[in-house]
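First comes the structure, then the notes that go with it.
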Amino acid sequence: MNQQIFLGMCQRALFVFLILGGPALFISLFVGVAISIFQAVTQINEATMTFIPKVAAILIVLVLTGPWMLNSLLDYTSEILISIPNYVR
């Protein structure tokens, strides 16, 4: 295995990581900003107020995008496992 193959594998792994983690992180960011704006407007400074909505939003996103995430991860894993003989030469 040369450096280009290794860098290509790392690049693909990072891309899959970003694609799979992106929806949950984006929703968490959006809900956090919305709750922060709500807290600033109403002057309610409760630190635990952001926890429950973020967890609920992330769970909803994972339920909705879970099959797609699993399918993407399985495709990536099978791609890596199928190409092992090409890397071992």
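Numbering starts fresh at 1 for the residues of each chain in the structure tokens, the chains themselves are lettered A, B, ... in the order given, and ligands are numbered from 1 as they appear.
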Within 12 Å of region 22-35 of chain A: each region 50-77 of chain A residue with its shortest pair, only C-alpha atoms, as a Markdown table:
| residue | atom | partner | partner_atom | distance |
| --- | --- | --- | --- | --- |
| A:Thr50 | CA | A:Ile35 | CA | 6.2 |
| A:Phe51 | CA | A:Gly32 | CA | 8.7 |
| A:Ile52 | CA | A:Val31 | CA | 10.3 |
| A:Pro53 | CA | A:Val31 | CA | 7.1 |
| A:Lys54 | CA | A:Ser28 | CA | 5.5 |
| A:Val55 | CA | A:Ser28 | CA | 8.0 |
| A:Ala56 | CA | A:Ser28 | CA | 9.6 |
| A:Ala57 | CA | A:Ile27 | CA | 6.8 |
| A:Ile58 | CA | A:Ala24 | CA | 5.5 |
| A:Leu59 | CA | A:Ala24 | CA | 8.5 |
| A:Ile60 | CA | A:Ala24 | CA | 9.2 |
| A:Val61 | CA | A:Ala24 | CA | 6.2 |
| A:Leu62 | CA | A:Ala24 | CA | 7.1 |
| A:Val63 | CA | A:Ala24 | CA | 10.6 |
| A:Leu64 | CA | A:Pro23 | CA | 10.3 |
| A:Thr65 | CA | A:Pro23 | CA | 8.2 |
| A:Gly66 | CA | A:Ala24 | CA | 10.5 |
| A:Trp68 | CA | A:Pro23 | CA | 11.3 |
| A:Met69 | CA | A:Pro23 | CA | 10.0 |
Contacts of region 71-82 of chain A within 12 Å, only C-alpha atoms, excl. fewer than 4 positions in-chain, as a PyMOL selection string: chain A and resi 5-6+8-10+12-21+65-67+86-88
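CA of Ser83 (chain A) lies 14.7 Å from CA of Leu7 (chain A).
Going from CA of Gln4 (chain A) to CA of Ile84 (chain A) covers 15.1 Å.
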